[in-house]
file work_5.cif (mmCIF, C-alpha atoms and all ligand atoms)
data_query
loop_
_atom_site.label_atom_id
_atom_site.label_comp_id
_atom_site.auth_asym_id
_atom_site.auth_seq_id
_atom_site.Cartn_x
_atom_site.Cartn_y
_atom_site.Cartn_z
CA MET A 209 -10.13 166.92 53.78
CA PRO A 210 -11.77 165.50 56.92
CA PHE A 211 -11.20 167.41 60.17
CA THR A 212 -8.24 169.17 58.53
CA ALA A 213 -7.13 172.77 58.15
CA ASN A 214 -7.29 172.44 54.37
CA ARG A 215 -5.50 175.68 53.48
CA SER A 216 -2.60 175.10 55.86
CA PHE A 217 -2.28 171.47 54.81
CA LYS A 218 -2.18 172.29 51.14
CA ALA A 219 0.44 174.96 51.74
CA LYS A 220 2.65 172.45 53.57
CA PRO A 221 1.34 168.87 53.28
CA ARG A 222 2.05 166.09 55.74
CA LEU A 223 2.09 162.99 53.53
CA VAL A 224 3.02 159.44 54.48
CA VAL A 225 3.77 156.82 51.84
CA THR A 226 4.76 153.58 53.60
CA SER A 227 4.53 152.09 57.08
CA LYS A 228 6.01 149.25 59.12
CA ASP A 229 5.52 148.35 62.78
CA ILE A 230 5.70 151.62 64.69
CA HIS A 231 6.92 153.90 61.89
CA TYR A 232 5.69 155.77 58.88
CA ILE A 233 7.91 156.96 56.06
CA ALA A 234 6.96 160.39 54.76
CA ASN A 235 7.06 161.36 51.07
CA ASP A 236 10.43 163.10 51.60
CA GLY A 237 11.86 159.83 52.96
CA SER A 238 11.92 160.90 56.60
CA LYS A 239 11.05 158.37 59.32
CA ILE A 240 8.11 159.23 61.56
CA ILE A 241 7.47 157.43 64.84
CA ASP A 242 3.74 156.85 65.23
CA GLY A 243 2.65 158.25 68.59
CA SER A 244 -1.05 157.97 67.78
CA SER A 245 -1.50 154.55 66.13
CA GLY A 246 -2.60 156.45 63.03
CA LEU A 247 -5.95 157.68 64.32
CA TRP A 248 -6.01 155.57 67.50
CA CYS A 249 -6.50 152.46 65.37
CA CYS A 250 -3.28 150.62 64.43
CA ASN A 251 -2.99 148.90 67.81
CA ALA A 252 -0.99 145.94 66.44
CA GLY A 253 1.42 148.25 64.61
CA HIS A 254 1.66 148.78 60.87
CA ASN A 255 1.83 146.36 57.93
CA ARG A 256 1.93 143.24 60.05
CA ASP A 257 2.69 140.31 57.75
CA ALA A 258 -0.09 138.03 59.03
CA ILE A 259 -2.75 140.69 58.49
CA VAL A 260 -1.43 141.59 55.03
CA ASP A 261 -1.46 137.87 54.06
CA ALA A 262 -5.00 137.38 55.36
CA ILE A 263 -6.30 140.35 53.36
CA GLN A 264 -4.53 139.24 50.18
CA LYS A 265 -5.82 135.66 50.49
CA GLN A 266 -9.35 136.81 51.20
CA ALA A 267 -9.40 139.12 48.18
CA ALA A 268 -8.47 136.17 45.97
CA GLU A 269 -10.97 133.79 47.60
CA LEU A 270 -14.22 135.69 48.26
CA ASP A 271 -14.16 139.36 47.40
CA TYR A 272 -17.62 140.27 48.59
CA ALA A 273 -20.71 138.64 50.05
CA PRO A 274 -24.08 140.32 50.51
CA SER A 275 -24.96 140.84 54.15
CA PHE A 276 -28.74 141.06 53.63
CA GLN A 277 -30.36 137.57 53.62
CA PHE A 278 -26.97 135.97 52.83
CA GLY A 279 -23.74 135.67 54.71
CA HIS A 280 -20.31 134.09 54.81
CA PRO A 281 -18.77 131.92 57.53
CA LYS A 282 -16.01 134.31 58.62
CA ALA A 283 -18.64 136.84 59.74
CA PHE A 284 -19.96 134.32 62.28
CA THR A 285 -16.52 133.11 63.30
CA LEU A 286 -15.47 136.69 63.92
CA ALA A 287 -18.65 137.50 65.86
CA ALA A 288 -17.98 134.52 68.12
CA ARG A 289 -14.32 135.50 68.60
CA LEU A 290 -15.34 139.05 69.49
CA ALA A 291 -18.09 137.90 71.84
CA ALA A 292 -15.51 135.79 73.68
CA LEU A 293 -13.46 138.94 74.28
CA ALA A 294 -16.36 141.07 75.47
CA PRO A 295 -17.36 141.02 79.14
CA GLY A 296 -20.62 139.66 80.58
CA ASP A 297 -23.38 138.58 78.22
CA LEU A 298 -22.47 141.06 75.47
CA ASP A 299 -22.54 138.10 73.12
CA HIS A 300 -24.27 139.27 69.94
CA VAL A 301 -22.51 141.42 67.36
CA PHE A 302 -23.78 143.67 64.55
CA PHE A 303 -21.21 144.74 61.96
CA ALA A 304 -20.82 148.20 60.42
CA ASN A 305 -17.89 149.92 58.72
CA SER A 306 -16.79 152.70 61.03
CA GLY A 307 -17.13 154.08 64.51
CA SER A 308 -19.76 156.55 63.34
CA GLU A 309 -21.89 153.77 61.88
CA ALA A 310 -21.33 151.72 65.02
CA VAL A 311 -22.67 154.55 67.15
CA ASP A 312 -25.70 155.24 64.99
CA THR A 313 -26.39 151.49 64.99
CA ALA A 314 -26.18 151.37 68.79
CA LEU A 315 -28.54 154.35 69.18
CA LYS A 316 -31.04 152.89 66.70
CA ILE A 317 -30.96 149.48 68.41
CA ALA A 318 -31.63 151.19 71.75
CA LEU A 319 -34.66 153.03 70.35
CA ALA A 320 -35.94 149.92 68.56
CA TYR A 321 -35.45 147.77 71.68
CA TRP A 322 -37.98 149.83 73.61
CA ASN A 323 -40.31 149.96 70.62
CA VAL A 324 -40.46 146.19 70.14
CA GLN A 325 -41.45 145.96 73.78
CA GLY A 326 -44.28 148.45 73.41
CA LYS A 327 -42.39 151.23 75.22
CA GLY A 328 -41.96 153.64 72.32
CA SER A 329 -42.19 156.65 74.66
CA LYS A 330 -38.65 155.83 75.77
CA SER A 331 -37.03 157.74 72.93
CA ARG A 332 -34.76 160.31 74.54
CA LEU A 333 -31.00 159.86 74.16
CA ILE A 334 -28.53 161.20 76.71
CA GLY A 335 -24.92 161.95 75.78
CA ARG A 336 -22.26 163.89 77.64
CA GLU A 337 -20.48 167.20 77.19
CA ARG A 338 -17.03 166.76 75.61
CA GLY A 339 -18.10 163.37 74.23
CA TYR A 340 -17.24 162.31 70.68
CA HIS A 341 -19.35 159.69 68.97
CA GLY A 342 -18.44 160.14 65.34
CA VAL A 343 -20.10 162.22 62.68
CA GLY A 344 -23.45 160.64 61.85
CA PHE A 345 -26.52 162.69 62.80
CA GLY A 346 -27.12 160.53 65.87
CA GLY A 347 -23.50 160.55 66.99
CA THR A 348 -23.19 164.30 66.39
CA ALA A 349 -26.36 164.96 68.38
CA VAL A 350 -25.33 162.95 71.44
CA GLY A 351 -21.75 164.20 71.08
CA GLY A 352 -20.66 167.11 73.19
CA MET A 353 -18.00 168.94 71.18
CA VAL A 354 -19.32 172.36 70.28
CA ALA A 355 -17.18 172.80 67.17
CA ASN A 356 -18.60 169.57 65.74
CA ARG A 357 -22.21 170.53 66.47
CA LYS A 358 -22.58 174.22 65.80
CA LEU A 359 -22.60 174.07 61.99
CA TYR A 360 -25.35 171.49 61.74
CA GLY A 361 -28.56 173.04 62.94
CA ASN A 362 -30.86 171.26 65.36
CA LEU A 363 -29.52 167.74 64.79
CA LEU A 364 -31.84 165.28 66.64
CA ALA A 365 -34.70 166.34 68.86
CA GLY A 366 -34.99 164.74 72.29
CA VAL A 367 -31.33 164.70 73.24
CA ASP A 368 -29.79 165.91 76.48
CA HIS A 369 -26.29 165.80 77.96
CA LEU A 370 -24.59 164.97 81.24
CA ARG A 371 -21.86 167.34 82.34
CA HIS A 372 -18.33 166.32 81.40
CA THR A 373 -16.05 164.91 84.07
CA TYR A 374 -12.98 167.13 83.78
CA ASN A 375 -12.01 169.55 86.52
CA ARG A 376 -8.42 170.74 86.40
CA ASP A 377 -8.46 172.17 89.93
CA GLU A 378 -9.37 168.77 91.32
CA GLN A 379 -7.68 166.42 88.88
CA ALA A 380 -4.53 168.01 87.41
CA PHE A 381 -1.64 165.62 86.70
CA SER A 382 -3.54 162.51 87.79
CA ARG A 383 -2.45 159.10 86.59
CA GLY A 384 -5.20 156.69 85.65
CA GLU A 385 -8.67 157.41 87.03
CA PRO A 386 -8.83 160.69 88.95
CA GLU A 387 -10.01 160.40 92.54
CA TRP A 388 -12.44 163.30 92.18
CA GLY A 389 -15.67 163.31 90.21
CA ALA A 390 -17.72 160.11 90.75
CA ASP A 391 -20.66 162.22 91.93
CA LEU A 392 -20.97 163.76 88.47
CA ALA A 393 -22.78 160.55 87.47
CA ASP A 394 -25.68 161.83 89.60
CA ASP A 395 -26.36 164.23 86.73
CA LEU A 396 -28.33 161.35 85.28
CA GLU A 397 -30.67 161.45 88.30
CA ARG A 398 -31.15 165.15 87.63
CA LEU A 399 -32.06 164.44 83.98
CA VAL A 400 -34.45 161.69 85.07
CA GLY A 401 -36.02 164.26 87.41
CA LEU A 402 -36.38 166.66 84.49
CA HIS A 403 -37.54 164.32 81.70
CA ASP A 404 -38.75 161.18 83.56
CA ALA A 405 -37.24 157.74 82.89
CA SER A 406 -40.33 156.79 80.86
CA THR A 407 -39.00 159.10 78.10
CA ILE A 408 -35.33 158.04 78.21
CA ALA A 409 -34.05 155.22 76.01
CA ALA A 410 -30.33 155.24 76.66
CA VAL A 411 -27.25 157.01 77.93
CA ILE A 412 -24.12 156.89 75.79
CA VAL A 413 -20.63 157.70 77.07
CA GLU A 414 -17.06 156.94 76.12
CA PRO A 415 -15.64 155.10 79.14
CA MET A 416 -12.61 157.35 78.59
CA ALA A 417 -13.38 160.44 76.53
CA GLY A 418 -10.76 160.37 73.77
CA SER A 419 -11.23 163.07 71.20
CA THR A 420 -11.46 166.00 73.61
CA GLY A 421 -8.02 165.17 74.90
CA ALA A 422 -8.19 161.86 76.80
CA LEU A 423 -10.23 162.25 79.97
CA PRO A 424 -10.10 159.06 82.07
CA PRO A 425 -13.29 158.49 84.08
CA PRO A 426 -13.25 159.49 87.74
CA LYS A 427 -12.95 156.51 90.07
CA GLY A 428 -16.40 154.98 90.62
CA TYR A 429 -18.13 157.18 88.01
CA LEU A 430 -19.01 154.42 85.54
CA LYS A 431 -20.26 152.08 88.29
CA ARG A 432 -22.53 154.83 89.56
CA LEU A 433 -23.85 155.45 86.05
CA ARG A 434 -24.60 151.74 85.72
CA GLU A 435 -26.51 151.75 89.04
CA ILE A 436 -28.63 154.72 88.03
CA CYS A 437 -29.41 153.15 84.64
CA ASP A 438 -30.47 149.92 86.36
CA LYS A 439 -32.62 151.77 88.87
CA HIS A 440 -34.57 153.56 86.14
CA GLY A 441 -34.57 151.04 83.28
CA ILE A 442 -32.29 153.05 81.00
CA LEU A 443 -29.88 151.33 78.60
CA LEU A 444 -26.20 152.10 79.11
CA ILE A 445 -24.11 152.33 75.93
CA PHE A 446 -20.32 152.43 76.06
CA ASP A 447 -18.66 153.84 72.96
CA GLU A 448 -15.46 151.79 72.93
CA VAL A 449 -14.28 152.83 69.47
CA ILE A 450 -11.02 154.09 70.98
CA THR A 451 -10.89 152.20 74.26
CA GLY A 452 -11.39 148.72 72.78
CA PHE A 453 -8.71 146.22 71.83
CA GLY A 454 -6.11 146.81 74.47
CA ARG A 455 -5.80 150.59 74.51
CA LEU A 456 -6.40 150.64 78.26
CA GLY A 457 -4.58 147.39 78.96
CA ALA A 458 -7.66 145.16 78.76
CA SER A 459 -9.80 143.87 75.92
CA PHE A 460 -12.29 146.67 76.56
CA ALA A 461 -12.59 149.51 79.06
CA ALA A 462 -15.72 147.73 80.34
CA GLU A 463 -13.46 144.93 81.52
CA ARG A 464 -10.87 147.24 83.00
CA PHE A 465 -13.43 149.24 84.95
CA GLY A 466 -15.62 146.25 85.87
CA VAL A 467 -18.81 147.74 84.41
CA VAL A 468 -20.84 145.91 81.76
CA PRO A 469 -22.91 148.16 79.48
CA ASP A 470 -26.01 147.00 77.60
CA ILE A 471 -24.62 147.95 74.20
CA MET A 472 -20.95 148.50 73.35
CA THR A 473 -19.51 149.90 70.13
CA PHE A 474 -16.16 149.04 68.56
CA ALA A 475 -14.20 149.95 65.40
CA LYS A 476 -10.58 151.04 64.75
CA GLY A 477 -8.48 148.41 66.60
CA VAL A 478 -10.72 145.53 65.49
CA THR A 479 -8.72 145.37 62.24
CA SER A 480 -5.77 147.39 63.56
CA GLY A 481 -6.94 150.05 61.13
CA THR A 482 -6.19 147.98 58.02
CA VAL A 483 -9.69 147.61 56.57
CA PRO A 484 -12.64 149.75 57.69
CA MET A 485 -14.84 147.93 60.19
CA GLY A 486 -16.98 148.84 63.17
CA GLY A 487 -19.91 147.39 64.98
CA CYS A 488 -21.62 146.91 68.27
CA PHE A 489 -22.22 144.24 70.86
CA VAL A 490 -25.58 143.85 72.55
CA ARG A 491 -26.43 141.88 75.65
CA ARG A 492 -28.28 138.61 75.08
CA GLY A 493 -31.57 140.00 76.42
CA ILE A 494 -31.57 142.75 73.82
CA TYR A 495 -31.03 140.29 71.00
CA GLU A 496 -33.78 138.04 72.39
CA ALA A 497 -36.25 140.93 72.59
CA PHE A 498 -36.07 141.29 68.81
CA MET A 499 -36.56 137.55 68.25
CA GLN A 500 -39.99 137.48 69.96
CA GLY A 501 -43.22 137.76 68.03
CA GLY A 502 -43.78 138.30 64.33
CA PRO A 503 -43.47 135.63 61.64
CA ALA A 504 -40.10 133.92 61.11
CA HIS A 505 -39.79 135.24 57.54
CA ALA A 506 -39.93 138.84 58.76
CA VAL A 507 -36.80 140.97 59.15
CA GLU A 508 -36.31 141.57 62.88
CA LEU A 509 -33.99 144.61 62.67
CA THR A 510 -34.52 146.87 59.67
CA HIS A 511 -30.98 148.21 59.66
CA GLY A 512 -27.71 147.30 57.95
CA TYR A 513 -25.03 148.31 55.48
CA THR A 514 -24.04 146.93 52.08
CA TYR A 515 -20.57 146.39 53.51
CA SER A 516 -21.57 145.00 56.94
CA ALA A 517 -19.16 142.13 57.72
CA HIS A 518 -17.23 142.68 54.50
CA PRO A 519 -15.07 139.59 53.85
CA LEU A 520 -11.83 141.61 53.67
CA ALA A 521 -12.60 143.29 56.98
CA CYS A 522 -13.51 139.96 58.61
CA ALA A 523 -10.29 138.35 57.39
CA ALA A 524 -8.25 141.32 58.60
CA ALA A 525 -10.02 141.29 61.98
CA LEU A 526 -9.47 137.56 62.52
CA ALA A 527 -5.75 137.93 61.76
CA THR A 528 -5.58 140.97 64.04
CA LEU A 529 -7.25 139.15 66.94
CA ASP A 530 -4.72 136.33 66.49
CA ILE A 531 -1.87 138.83 66.86
CA TYR A 532 -3.44 140.41 69.95
CA ARG A 533 -3.79 136.96 71.52
CA ASP A 534 -0.50 135.39 70.40
CA GLU A 535 1.60 138.43 71.33
CA GLY A 536 -0.37 139.17 74.51
CA LEU A 537 -0.70 142.79 73.44
CA PHE A 538 -3.48 143.77 75.86
CA GLU A 539 -1.42 142.47 78.79
CA ARG A 540 1.63 144.16 77.32
CA ALA A 541 -0.18 147.50 77.30
CA ARG A 542 -1.11 147.00 80.95
CA ALA A 543 2.47 146.08 81.88
CA LEU A 544 3.87 149.11 80.04
CA GLU A 545 1.37 151.53 81.60
CA PRO A 546 3.66 152.66 84.46
CA VAL A 547 6.64 153.10 82.10
CA TRP A 548 4.48 155.12 79.73
CA ALA A 549 3.00 157.20 82.56
CA ASP A 550 6.48 157.96 83.97
CA ALA A 551 7.71 159.09 80.56
CA ILE A 552 4.72 161.33 79.86
CA HIS A 553 4.43 162.79 83.36
CA ALA A 554 8.15 163.66 83.32
CA LEU A 555 7.15 166.48 80.95
CA LYS A 556 5.52 168.33 83.84
CA GLY A 557 7.39 171.62 84.23
CA GLU A 558 8.15 171.99 80.51
CA PRO A 559 7.00 175.34 79.09
CA ASN A 560 3.22 175.90 78.97
CA VAL A 561 2.35 172.40 80.20
CA GLU A 562 -0.84 172.88 82.22
CA ASP A 563 -1.95 169.30 82.75
CA ILE A 564 -0.88 165.75 81.85
CA ARG A 565 -3.17 162.72 81.94
CA SER A 566 -2.41 159.06 81.31
CA ILE A 567 -4.12 155.70 81.41
CA GLY A 568 -3.27 152.46 79.62
CA LEU A 569 -1.23 153.45 76.57
CA VAL A 570 -2.99 156.82 76.29
CA GLY A 571 -1.54 160.19 77.17
CA ALA A 572 -2.65 163.81 76.94
CA ILE A 573 -0.68 166.99 77.46
CA ASP A 574 -2.59 170.28 77.76
CA LEU A 575 -0.53 173.22 76.52
CA LYS A 576 -1.48 176.74 77.55
CA PRO A 577 -3.35 178.42 74.68
CA ARG A 578 -1.66 181.53 73.25
CA ASP A 579 -3.39 184.78 74.17
CA GLY A 580 -6.16 185.46 71.69
CA ALA A 581 -5.12 182.56 69.44
CA PRO A 582 -6.37 179.28 70.92
CA GLY A 583 -5.33 176.21 68.95
CA THR A 584 -2.29 177.79 67.28
CA ARG A 585 0.22 176.32 69.72
CA GLY A 586 -1.30 172.86 69.29
CA TYR A 587 -1.33 173.13 65.51
CA GLU A 588 2.25 174.33 65.38
CA ALA A 589 3.27 171.46 67.67
CA LEU A 590 1.61 168.90 65.37
CA ASP A 591 3.23 170.40 62.29
CA ARG A 592 6.70 170.80 63.75
CA ALA A 593 6.57 167.33 65.31
CA PHE A 594 5.96 165.82 61.88
CA HIS A 595 8.27 167.96 59.75
CA GLU A 596 11.13 168.62 62.17
CA HIS A 597 11.08 165.89 64.83
CA GLY A 598 9.77 162.75 63.07
CA LEU A 599 6.81 162.28 65.42
CA MET A 600 3.09 161.89 64.73
CA PHE A 601 0.40 162.62 67.30
CA ARG A 602 -3.16 163.95 67.44
CA THR A 603 -4.15 167.32 68.77
CA ALA A 604 -7.42 168.59 70.18
CA GLY A 605 -7.03 172.35 70.26
CA ASP A 606 -3.89 172.91 72.33
CA THR A 607 -3.90 169.40 73.77
CA ILE A 608 -1.45 166.79 72.46
CA ALA A 609 -3.06 163.33 72.47
CA LEU A 610 -0.95 160.18 72.37
CA SER A 611 -1.82 156.52 71.82
CA PRO A 612 1.12 154.55 70.42
CA PRO A 613 0.79 151.04 68.96
CA LEU A 614 0.70 148.38 71.69
CA ILE A 615 3.90 146.82 70.29
CA ILE A 616 5.92 149.86 71.40
CA SER A 617 9.15 149.12 73.28
CA GLU A 618 10.40 150.88 76.40
CA SER A 619 13.15 152.58 74.42
CA GLN A 620 10.65 153.80 71.83
CA ILE A 621 8.55 155.24 74.67
CA GLY A 622 11.68 157.13 75.74
CA GLU A 623 12.21 158.30 72.16
CA ILE A 624 8.65 159.66 71.95
CA ALA A 625 9.08 161.46 75.30
CA ASP A 626 12.36 163.06 74.11
CA LYS A 627 10.76 164.22 70.88
CA LEU A 628 7.76 165.61 72.80
CA LYS A 629 10.08 167.61 75.04
CA ALA A 630 11.80 169.11 72.01
CA VAL A 631 8.48 169.95 70.34
CA ILE A 632 7.00 171.53 73.47
CA ARG A 633 10.11 173.70 73.83
CA ALA A 634 9.98 174.62 70.14
CA VAL A 635 6.44 176.03 70.47
CA ALA A 636 7.07 177.85 73.76
N1 LIG B 701 -16.67 157.07 68.65
C1 LIG B 701 -15.52 157.39 69.23
C2 LIG B 701 -15.38 157.27 70.71
C3 LIG B 701 -14.43 157.79 68.46
O1 LIG B 701 -13.28 158.12 69.05
C4 LIG B 701 -14.58 157.84 67.06
C5 LIG B 701 -13.45 158.26 66.21
O2 LIG B 701 -12.44 158.71 66.65
C6 LIG B 701 -15.82 157.53 66.50
C7 LIG B 701 -16.84 157.14 67.32
C8 LIG B 701 -16.04 157.62 65.02
O3 LIG B 701 -15.34 156.66 64.36
P1 LIG B 701 -15.13 156.78 62.76
O4 LIG B 701 -14.21 157.92 62.54
O5 LIG B 701 -14.56 155.43 62.40
O6 LIG B 701 -16.47 156.99 62.16
#

call {"tool": "encode", "arguments": {"input": "work_5.cif", "output": "structure tokens"}}
result
Amino acid sequence: MPFTANRSFKAKPRLVVTSKDIHYIANDGSKIIDGSSGLWCCNAGHNRDAIVDAIQKQAAELDYAPSFQFGHPKAFTLAARLAALAPGDLDHVFFANSGSEAVDTALKIALAYWNVQGKGSKSRLIGRERGYHGVGFGGTAVGGMVANRKLYGNLLAGVDHLRHTYNRDEQAFSRGEPEWGADLADDLERLVGLHDASTIAAVIVEPMAGSTGALPPPKGYLKRLREICDKHGILLIFDEVITGFGRLGASFAAERFGVVPDIMTFAKGVTSGTVPMGGCFVRRGIYEAFMQGGPAHAVELTHGYTYSAHPLACAAALATLDIYRDEGLFERARALEPVWADAIHALKGEPNVEDIRSIGLVGAIDLKPRDGAPGTRGYEALDRAFHEHGLMFRTAGDTIALSPPLIISESQIGEIADKLKAVIRAVA
């Protein structure tokens, strides 16, 4: 099983069988409130009728269309709808099937972009410690989670990392962007000093690191990164697989933080998790660079997937975007942010709570690791939450990570907070 403690799971499985709105029903019939939107993806809630209808209709109408040398209209309609949501001139879209494929696509486009301009020496990729960019070789290499890297040898050559942005002494219990830490972006200057900009293709960061326990960016950090990239001619890639589609109370984190990257990935929320889909946006100039030179019959970007822009995924995404728009879910997430933050931060003072972070409809609670047994408190919390308290969340080690569907009500936020309190006490 993926990223699962197989032996523990098989001894005591956590199985869900149906879902609706903000709940799962487990195989023993118990009702589970979804505090994590599945895996940060079901932003519109579960089994929404309009999305289910769109998928069913699409399956009956056009089950599959090849994405190499052929296409189908919904792929272009969806690309245009997405481009309208993205900030700046991020107006061209390439479709993949997951966040991992989106990231590897973004990294390959960055490398190819410099190549088509005769600057093939710009081939180094810079990631960040504590970053997560999926599980492809590229994403694992630029990622900064040691457990995900250590089993897989040398990964890619020519990769370096910025330091991560978390400092508990300076940032504990901050709401939104911490005040401290913008200067950490200057790490990029240090890496330029070490490697020279003529060898660096791109820097990739999550605007808010998600998988290592939700680390909002320090105030001003992303702007500073953008400035340094501009100064040295380095592409800036935002991995918005988690932060896209309203999670931070805006269409994308790029919009919320007022920083436009050159390439931006998406996945998860694009279909509200219903059908696998991912992809990336590129700025117009990047697209144009590939359209120069060479004969018109030649393939400009030798990259793609059999299931790029799969009709079922496109239909699901179009119906999902309609729900986001018609129900104003991104604005709703922004409006609920203070209610959510109050509820989560009220857990300060509960046993073993060492830090709490929140931004948009994201929350993280760091529990003190047990002596000599890191991760056991977090695992027990996840298991007890599901089996005994009817609550689903993610954990990263001993950190509880929360990201409820954007349709959550204020009373359901209160319910999640009450259940969290009980779980935290149970694992004290
Ligand atoms: N990038 C980020 C920022 C993610 O959070 C994730 C998944 O959580 C991925 C990439 C990988 O996405 P997937 O699991 O769809 O391959």

call {"tool": "closest_residue", "arguments": {"input": "work_5.cif", "among": "A:Asp447, A:Asp606, A:Asp550, A:Asp470", "to": "ligand LIG 701 (chain B)", "atoms": "all atoms listed in the file"}}
result
A:Asp447

call {"tool": "residues_around", "arguments": {"input": "work_5.cif", "residues": "Glu618 in chain A", "least_positions_apart": "6", "cutoff": "9 Å", "atoms": "all atoms listed in the file", "output": "ChimeraX atom specification"}}
result
/A:544,547-548

call {"tool": "residues_near_ligand", "arguments": {"input": "work_5.cif", "ligand": "ligand LIG 701 (chain B)", "cutoff": "9 Å", "atoms": "all atoms listed in the file", "output": "MDAnalysis selection string"}}
result
chainID A and resid 247:249 305:311 339:344 347 413:419 446:451 473:476 484:486

call {"tool": "write_last_selection", "arguments": {"input": "work_5.cif", "atoms": "C-alpha atoms", "output": "tab-separated table (two decimals), in the frame of the given file"}}
result
chain	number	residue	atom	x	y	z
A	247	LEU	CA	-5.95	157.68	64.32
A	248	TRP	CA	-6.01	155.57	67.50
A	249	CYS	CA	-6.50	152.46	65.37
A	305	ASN	CA	-17.89	149.92	58.72
A	306	SER	CA	-16.79	152.70	61.03
A	307	GLY	CA	-17.13	154.08	64.51
A	308	SER	CA	-19.76	156.55	63.34
A	309	GLU	CA	-21.89	153.77	61.88
A	310	ALA	CA	-21.33	151.72	65.02
A	311	VAL	CA	-22.67	154.55	67.15
A	339	GLY	CA	-18.10	163.37	74.23
A	340	TYR	CA	-17.24	162.31	70.68
A	341	HIS	CA	-19.35	159.69	68.97
A	342	GLY	CA	-18.44	160.14	65.34
A	343	VAL	CA	-20.10	162.22	62.68
A	344	GLY	CA	-23.45	160.64	61.85
A	347	GLY	CA	-23.50	160.55	66.99
A	413	VAL	CA	-20.63	157.70	77.07
A	414	GLU	CA	-17.06	156.94	76.12
A	415	PRO	CA	-15.64	155.10	79.14
A	416	MET	CA	-12.61	157.35	78.59
A	417	ALA	CA	-13.38	160.44	76.53
A	418	GLY	CA	-10.76	160.37	73.77
A	419	SER	CA	-11.23	163.07	71.20
A	446	PHE	CA	-20.32	152.43	76.06
A	447	ASP	CA	-18.66	153.84	72.96
A	448	GLU	CA	-15.46	151.79	72.93
A	449	VAL	CA	-14.28	152.83	69.47
A	450	ILE	CA	-11.02	154.09	70.98
A	451	THR	CA	-10.89	152.20	74.26
A	473	THR	CA	-19.51	149.90	70.13
A	474	PHE	CA	-16.16	149.04	68.56
A	475	ALA	CA	-14.20	149.95	65.40
A	476	LYS	CA	-10.58	151.04	64.75
A	484	PRO	CA	-12.64	149.75	57.69
A	485	MET	CA	-14.84	147.93	60.19
A	486	GLY	CA	-16.98	148.84	63.17

call {"tool": "atom_distance", "arguments": {"input": "work_5.cif", "atom1": "CA of Lys330 in chain A", "atom2": "CA of His403 in chain A"}}
result
10.4 Å

call {"tool": "residues_near_point", "arguments": {"input": "work_5.cif", "point": "(12.3, 156.5, 78.9)", "cutoff": "12 Å", "atoms": "only C-alpha atoms", "output": "list in words"}}
result
Leu544, Pro546, Val547, Trp548, Ala549, Asp550, Ala551, Ile552, His553, Ala554, Leu555, Ile616, Ser617, Glu618, Ser619, Gln620, Ile621, Gly622, Glu623, Ile624, Ala625, Asp626, Lys627, Leu628 and Lys629 of chain A

call {"tool": "closest_residue", "arguments": {"input": "work_5.cif", "among": "A:Leu333, A:Ala283, A:Val324, A:Leu444", "to": "Ala365 in chain A", "atoms": "only C-alpha atoms"}}
result
A:Leu333

call {"tool": "atom_distance", "arguments": {"input": "work_5.cif", "atom1": "CA of Gly481 in chain A", "atom2": "CA of Cys250 in chain A"}}
result
5.0 Å

call {"tool": "axis_aligned_box", "arguments": {"input": "work_5.cif", "around": "range 356-372 of chain A", "padding_each_side": "5 Å", "output": "AutoDock Vina command-line options"}}
result
--center_x -26.7 --center_y 169.5 --center_z 72.0 --size_x 26.7 --size_y 19.5 --size_z 30.6

call {"tool": "closest_residue", "arguments": {"input": "work_5.cif", "among": "A:Gln379, A:Asn362, A:Ser245, A:Thr479", "to": "Leu529 in chain A", "atoms": "only C-alpha atoms"}}
result
A:Thr479

call {"tool": "closest_residue", "arguments": {"input": "work_5.cif", "among": "A:Gly243, A:Gly441, A:Ala262, A:His372", "to": "Thr482 in chain A", "atoms": "all atoms listed in the file"}}
result
A:Ala262

call {"tool": "residues_around", "arguments": {"input": "work_5.cif", "residues": "Leu223 in chain A", "least_positions_apart": "6", "cutoff": "12 Å", "atoms": "all atoms listed in the file", "output": "tab-separated table (two decimals) with C-alpha atoms, in the frame of the given file"}}
result
chain	number	residue	atom	x	y	z
A	217	PHE	CA	-2.28	171.47	54.81
A	232	TYR	CA	5.69	155.77	58.88
A	233	ILE	CA	7.91	156.96	56.06
A	234	ALA	CA	6.96	160.39	54.76
A	235	ASN	CA	7.06	161.36	51.07
A	236	ASP	CA	10.43	163.10	51.60
A	237	GLY	CA	11.86	159.83	52.96
A	238	SER	CA	11.92	160.90	56.60
A	239	LYS	CA	11.05	158.37	59.32
A	240	ILE	CA	8.11	159.23	61.56
A	591	ASP	CA	3.23	170.40	62.29
A	594	PHE	CA	5.96	165.82	61.88
A	595	HIS	CA	8.27	167.96	59.75
A	600	MET	CA	3.09	161.89	64.73

call {"tool": "residues_around", "arguments": {"input": "work_5.cif", "residues": "Trp322 in chain A", "least_positions_apart": "2", "cutoff": "12 Å", "atoms": "all atoms listed in the file", "output": "ChimeraX atom specification"}}
result
/A:315-320,324-332,406-410,441-443,494,497-498

call {"tool": "atom_distance", "arguments": {"input": "work_5.cif", "atom1": "CA of Ala581 in chain A", "atom2": "CA of Gly557 in chain A"}}
result
22.2 Å

call {"tool": "residues_around", "arguments": {"input": "work_5.cif", "residues": "range 458-460 of chain A", "least_positions_apart": "4", "cutoff": "9 Å", "atoms": "all atoms listed in the file", "output": "PyMOL selection string"}}
result
chain A and resi 293-295+448+451-454+464-465+538-539+541-542+568

call {"tool": "closest_residue", "arguments": {"input": "work_5.cif", "among": "A:Ile412, A:Thr603, A:Ser382, A:Ala288", "to": "Gly335 in chain A", "atoms": "only C-alpha atoms"}}
result
A:Ile412
